[in-house]
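See structure below.
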Amino acid sequence: MKDALGWGDERDLSGMIRRGDKGVGALLGFMKHYIERGVDPGLFEGKLERLMVEMGKFLNGTTVSPSSPSFASAAPILSTHPASRPIPNYIAVSDDDDLEIKITAHPVSTKRRPTDKTCLGYHLGFPPGKSPHASYPFMLHQTQNLPWDYSVEGDRMTLRSRLCTKKRAPDMERCVNCHELQDNNTLRGIQERIEKGVNENSPYAYHGIAGLIDLLKLKKNNIEFHRLRGLNHARKLLSQAVSITDHKRLLTAVASGCVQRVERIVHLGLKQKQGIAAIINKIKLAADGVYKVKSYTDRERFLSTLLWRLGGARVGGILHRALGLPGISTLRESSTVPSLTPSPGRPRVEEVMMNVEASLDGVEEMVKADSNIRHMVLMFDEIATEKRIRWDQTSNMILGACREHAEKVSLEFVNEGVVEELLKMVDVGEVHLAAEATVAAMGILCENHRVYPARPVLVSADCKRETGEQHATILQTVLDGIAKSPAPSIGLRVVSLASDGESRRGSALVQLTMKRPLSTTSPIYPLLAPLELMNRHVGDDDLTADKDWKHVFKRLRNLLLRSRGVVIAGTRITPDILKAHLRAHGTSSEHINAIFNPNDLQDVKLAFDMLRDIWSLPKEAPELSNPGFKRAREAIWVLGRFLYHLVFPYLCVYLSLSDQLEHLSAAAHLALTLYAQAGKDFLPTLLYSDIMIMIKNVFFCVAKAKIDTPEGTFYIILLGTDRLEILFGILRTMIGNDMNLDILQLLGRLASTLDVAKILALFPEWDRGPRRLRLPGLDLTGAEIPDASDHLSPSHWKGSTLLKLVSLLTSWRRGRARAEEIYPDAITVLKQLVESGNDLLSPNGVYLFEVPLEQDDIDESVEMLEAHIPIPDEEAELNHDAQVEVEDELIEFALDASPPPASNGSLSASPRKFSTTISINGKDISKAKVISMMTKYRRTVASLDRLKRVRDVERFTSESRPDISLQPSPSSDRTKSLLVHDPITTLLACDSSFWLCIGEVIGIKLDGQAVPDIDHALLPEPTVSVTFQLLGLRPAVADDVAGVSTGAEYDWRTYTTMEKSFEVPGRLIQVVNPETAVVPSKGSFYLFGSPSLMALGSLLLQGMSVEDLKRVPKVLSTTEYPYREPTGRLLPCFLRSFF
C-alpha cells in the first residue's frame, strides 16, 4: 500500500481513483478483511489520507489540503473493537451503482496540519465484551511506578510513555519510547490478566472495577452462608441440651477412674442397644462392685494368658483382681496346652508318637484345610538342666538320669531301694545325672502364626557321652515316632533335620542324610540335576540335613577372632589386619574393641555387626597405602562379598525368594573356590561343610515345596533351629536367667512356651527379646529397618515368596556369575571342579564327611564355654546377697496336680493312676519328698556368677589381668613402631642352610596378647612375637622401576606367593623401609637392591645367637623359595650359613 498510494512522495493519485471490483470497492474489501481479523485501523489512516483528499476533489471539484483540520475530524483514529469504532463521514458506494461517487466530508484545508507528525501513543486493545473502564487496573498506577500514562476516549484507551518525544518515529505511528511499551513485561501481564481474568487471591490493585465488584459479591455470599450456618448450629445445640446433660454424667463417671474395663461396659451396652442412661447405671453398679463384665476381647484373653504363662498363677490372679482381666480358671478352661510324655531312659517310638499327637492338637483342622501346608523341619538342640532327680507321677518314673546309662538301673519308683541304687550308681560313675536335655521339636513351614511355632516332641536327659552312631539312633527314633503318628495322615512330611554346629549331632546327621545320591526317579531330581557342583546326597525320603543360620553367623565371627585368621587369595587376614583396615576406614576404636571382644562368643547381634563392618569396607585402599595394605584390602573385599551374600538373604525383607537363592548360590560358589585354593586355611572343614549343608538344604527344600505345594510360599528364615531357640528364650523368662530347670520342670513348662510363642507371633510388637539374639531386618541398601521384631517372621517379609515364580537353575547360574565377577579366579577353578566331577562337599575329589580331619584342622569357630572368664571379687561379693538357690518348690506338686485328660482319639488309654506315697518304716511318705530328702546333702556350692551357675560350675575365684589387645597403643610416633602390613626381613632354614626372606607383618603379640603395633625398641623382648607372611622376590624389569627416580639402584621386586606364614620372636626380625613402586597393570610392590639384601642378610646372621638360630622356622624348598633367578638358579648371595 505504501508503494501504490505514494507513501512519502508527492505522486498524483487522481488517475488511480476507479469504482467497481477493481477500484474503490476492492480497496474497501481489502481493508475490511484485515480489520475484522484484529489489525489496528489506525495503521491504514496515514496511508489513505491522500487518497481520501483526492476523492474529495472529485466530489467538490476543489483541491483539499491533506492537512485540513476538517478532514482530520472526518477520519478519526479507529478503536480495535468494531462496535466501538466511530462511523466515518462517508457514503458507502455499491459496485453496481452507475451514479457518481458522492462523499460527504467536511471541508479540508489544503495546508498540512502542524500535528500530522505528532506521536499517537500506544493503543491498548481489549477483548470483545470488555472495556478499559471495567477491566483496566487503574490502581496499579498508585501502587507501582509504571512508566506510562493513560487516556481514555470512549472505549479507546491510549498509553503514552513518560519519555514520549511527542513526535513519530520514521515509518511509525508513534515515537520509539511509546512503541517500546508493547515489550514491557508489566504491560504484558496486564494484557494477559485482562484476557484470561485475575486470580481472586491476587492483591486488589491488580483487579479492574468489574473484578472488584465480582469479589465483593463473592464475599457477600460467603458471609451470608456462614451466618445462616451458624444459626442452624445454634438451633441444633438448643434442641440437644437435655442429651448433653447425660453425656456429661457419663464423662464424669469414666473420668473418676473407679471402674475397671469401663470400655467393655460401654461396648456391651451399645451392643445390647441400650441408651445412655442405662449405660451410666451399669457403670455405677460396676463402681459399687455389684456388676462385673464377663465379656472379654481376644486381645485381653491373649494378654492375660501370656502374662500368666510367663509369671505364674500368682501374677495371673493379680491381673484378674487389679485390671479385671480373665481369671486363671477361665484361662485354663480355654487352654489347649499339650501334656508332654517324658523319656526317662532311651527315647521310645511310642513316647514320641504321643508327644506328636499332643503337640498337633488344636491345629490339625487348620493343617488339613490348607493344601499349602505340607512340610516341616525337625529341630534338635540342647538346654542346660539342673543335676537333680525327680519323680513323675504320670509314669511313676524317676527322671534326671542320663539316657546313655539309665538302662543300668531301674527307674520305676516302686520302693525306696530304687532311689538308693540309682544314687549309688551315680557315686561310682556308672550312671550320670543329666547336665543338659536334648529337645526335639517340629517346625511346620507356613506363614500362619498359629501353626509355625516350634512344637516339642522329645525331652531326653543327656550326659554328653554319646557317640555319633548312638546319637543317630536317637534321631531315627524321633523320625520313626513322627512317621507312625497322626502327622502323615494330615499331610505333614519331615523334609530336613536341623541342628546347630554340635559335632556329635553333625556326625549323626551325616549318617541319616548322606546315605545315597538322589534317585533319578525322585520327583525333585529334574529340578536339582542341572545344578552343577550341587551335592545330591540324601537320606530316606530325600531327607537332608540343615544347620542353623544364626549359629553359622556366630561361628564366622568366632573364626575371624582366631589369631591365625583366614587365607583369601594367598593373603592371610588376621584380626590385627582387620582392625587396621577398619581404623583406616574411620571406624572408632570403641566399636572395633566391642566387635572383637573375645569374651562374648554367642552374641548374634555382635556377630552381625562385625560381618557387616567387613563387607562395608570399600575395595580400593587409601592411595598412600603400602603394597601389603592394598593387597590385604582386595582380599578382605572378597571375604566381605562372601559374607554379604551369605548373610543378606536372611535379613533383607525386600528380597524375593529368587533373589535369596541367587545370593546363597553366589556365597556357595565363592566359598567353594576359596576352599579349593586354600583348604582349611580359608575355613575349617567342619565350618565349611556346615555352610554348604545349609545352602544345599535351602535349594532341596524349595525343590520339594515346588513339587508338593506349587501354589504356595516358602520362607527360608523358618529353616534352622531359630524357632526352638525362641522357646528356650521363653523358658528362661519363666524361670529366670540365673538358674536351670530340672527335667520334670522342663517338661511342665516347655508345653506352656508353645502358648506364649503363638501369642507373641500374633502380637510381635509386645515382645522385646534378648539383645544377644536380636537380628535387625534390612532394606535393599543394607540399612536397618527401625522397629523390627526381635525375631524375623513371615509377617515381616515384603518380597515375593511365591514358589511358582522361582527357577532354581536360573538362580543357581546367576549366583555363579556373581561369584565369578567378584573373584575372576573362580572362573578357572569352578570349571576344573565341574570337569573333574566334584561338588560343594567334595572340593578335592573326596567327600569331606568321609575322610578324617587333619590334626591342625581345628574348628575354632565352635562356640566355647565361657568358664575361663574370671569375675572380679567385688562382683562376687555383690552377687552373694542376691544369690537364689534352686529350692524344691514343687515337692507337693504331684499331690495337688490332677492328671491331664486324654486327647480325643488318643493313642493311649486314660492315664494310669499311681500311688503318690511310699511306706518307709511303716509310715507313708510322699515319693517327691523321699527323693528330696535323699538328695538333700548331695548338692555342690554353685558359682556366684550367673553364666557359670547356669553351666553348673562350682564357685571359684581367680585373678584376672587386663586385655591389652583392647587398650589403645601407647606409641605416639608411628614411624618408630612396627605395624601390621609393614615389611620385615628375617632368616628361614631350608636344605640345611639359612636364607634371607622378606615378609609382611600380619600379627603382633605382646605377652601373648594381640596388639596393633609395637615400638621398635620392644622387639628384642622375649615376650614379643611377630607373625609374617612370606613374600616372593624376583628380578625387576624396566617397567617395574620406570616410576622411581633412582631406579638404577633397584634390581629386585616383591610379589605375592602362595600363602606361607610363620611366627617368630621379635628379636629375629629386622625392620626395613624399602622403596614402594606402583604400576597400574601390576599393582604396588617393594623394590630392593642386591647390596642392601646382602647387607641385611649379614646383619641378621651376625645378630643371632646359637639359640636364636634354633628358633628360625624351617621350610621345604619350592620353586619360589629360596629366591631364584628366572633361570631357576639359586642366588648364592642369599646363602648365609650352614648348620
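Letters A, B, ... mark the chains of the C-alpha cells in the order given; residue numbers begin at 1 per chain; ligand numbers begin at 1, in order shown.
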Taking the DSSP assignment computed from this structure's backbone, write out as JSON, numbers by chain all residues of range 639-857 of chain A that belong to strand (DSSP E or B). {"A": [652, 713, 741, 778, 784, 802]}
For range 1083-1087 of chain A, find every residue with an atom within 12 Å (counting only C-alpha atoms), except residues of its own chain fewer than 3 positions away, and show them as a PyMOL selection string. chain A and resi 620-621+623-632+634+982-984+998-1000+1031-1037+1039-1044+1046-1056+1072-1080+1090+1092-1093
Hey, can you spit out that residue selection with C-alpha atoms as a CSV table (one decimal), in the first residue's frame?
chain,number,residue,atom,x,y,z
A,620,GLU,CA,40.0,-49.6,47.0
A,621,ALA,CA,42.5,-48.9,49.7
A,623,GLU,CA,46.0,-44.1,47.8
A,624,LEU,CA,49.1,-43.7,50.0
A,625,SER,CA,48.8,-47.2,51.5
A,626,ASN,CA,51.7,-49.6,51.1
A,627,PRO,CA,51.5,-52.6,48.8
A,628,GLY,CA,50.7,-55.1,51.6
A,629,PHE,CA,47.8,-52.9,52.8
A,630,LYS,CA,46.4,-52.7,49.3
A,631,ARG,CA,46.8,-56.4,48.7
A,632,ALA,CA,45.1,-57.2,52.0
A,634,GLU,CA,41.5,-56.7,48.0
A,982,ASP,CA,54.9,-53.4,57.4
A,983,PRO,CA,57.7,-55.2,55.5
A,984,ILE,CA,60.4,-57.1,57.5
A,998,ILE,CA,61.3,-60.9,53.0
A,999,GLY,CA,57.9,-60.9,54.8
A,1000,GLU,CA,54.9,-58.8,55.6
A,1031,LEU,CA,56.7,-62.5,50.0
A,1032,GLY,CA,58.2,-63.6,46.7
A,1033,LEU,CA,61.3,-61.9,45.2
A,1034,ARG,CA,62.3,-61.8,41.5
A,1035,PRO,CA,64.5,-59.6,39.4
A,1036,ALA,CA,62.9,-56.2,38.5
A,1037,VAL,CA,62.4,-55.2,34.9
A,1039,ASP,CA,58.7,-51.3,33.8
A,1040,ASP,CA,59.0,-52.0,37.5
A,1041,VAL,CA,61.4,-49.1,38.1
A,1042,ALA,CA,60.0,-46.7,35.5
A,1043,GLY,CA,58.3,-44.5,38.0
A,1044,VAL,CA,61.2,-44.4,40.5
A,1046,THR,CA,66.6,-43.7,41.3
A,1047,GLY,CA,65.5,-46.9,39.5
A,1048,ALA,CA,69.1,-48.0,38.7
A,1049,GLU,CA,69.7,-48.9,42.4
A,1050,TYR,CA,66.9,-51.5,42.5
A,1051,ASP,CA,67.2,-54.8,40.7
A,1052,TRP,CA,64.7,-56.9,42.8
A,1053,ARG,CA,61.0,-56.6,43.4
A,1054,THR,CA,58.5,-58.4,45.6
A,1055,TYR,CA,55.4,-60.3,44.5
A,1056,THR,CA,52.6,-62.4,46.2
A,1072,VAL,CA,63.2,-52.3,56.7
A,1073,ASN,CA,61.8,-49.3,54.8
A,1074,PRO,CA,62.1,-50.3,51.1
A,1075,GLU,CA,61.1,-48.2,48.1
A,1076,THR,CA,57.4,-48.6,47.0
A,1077,ALA,CA,56.5,-48.8,43.4
A,1078,VAL,CA,53.0,-48.6,41.8
A,1079,VAL,CA,52.5,-49.9,38.3
A,1080,PRO,CA,48.8,-49.7,37.1
A,1090,SER,CA,71.3,-56.5,45.8
A,1092,SER,CA,71.0,-53.9,50.5
A,1093,LEU,CA,69.8,-57.5,50.6
Which of these, A:Ile482, A:Leu746, A:Ala26, A:Ile398, has the shortest distance to Glu386 in chain A once you count only C-alpha atoms? A:Leu746
Fewer than 6 positions away in the same chain doesn't count, so skip those; otherwise give me all residues within 7 Å of Ala205 in chain A, counting only C-alpha atoms, as a count of residues only. 3
Name the residues in contact with Thr385 in chain A at a cut-off of 7 Å, using only C-alpha atoms, excluding same-chain residues fewer than 2 positions from it; report them as a PyMOL selection string. chain A and resi 383+387+435-437+740-743
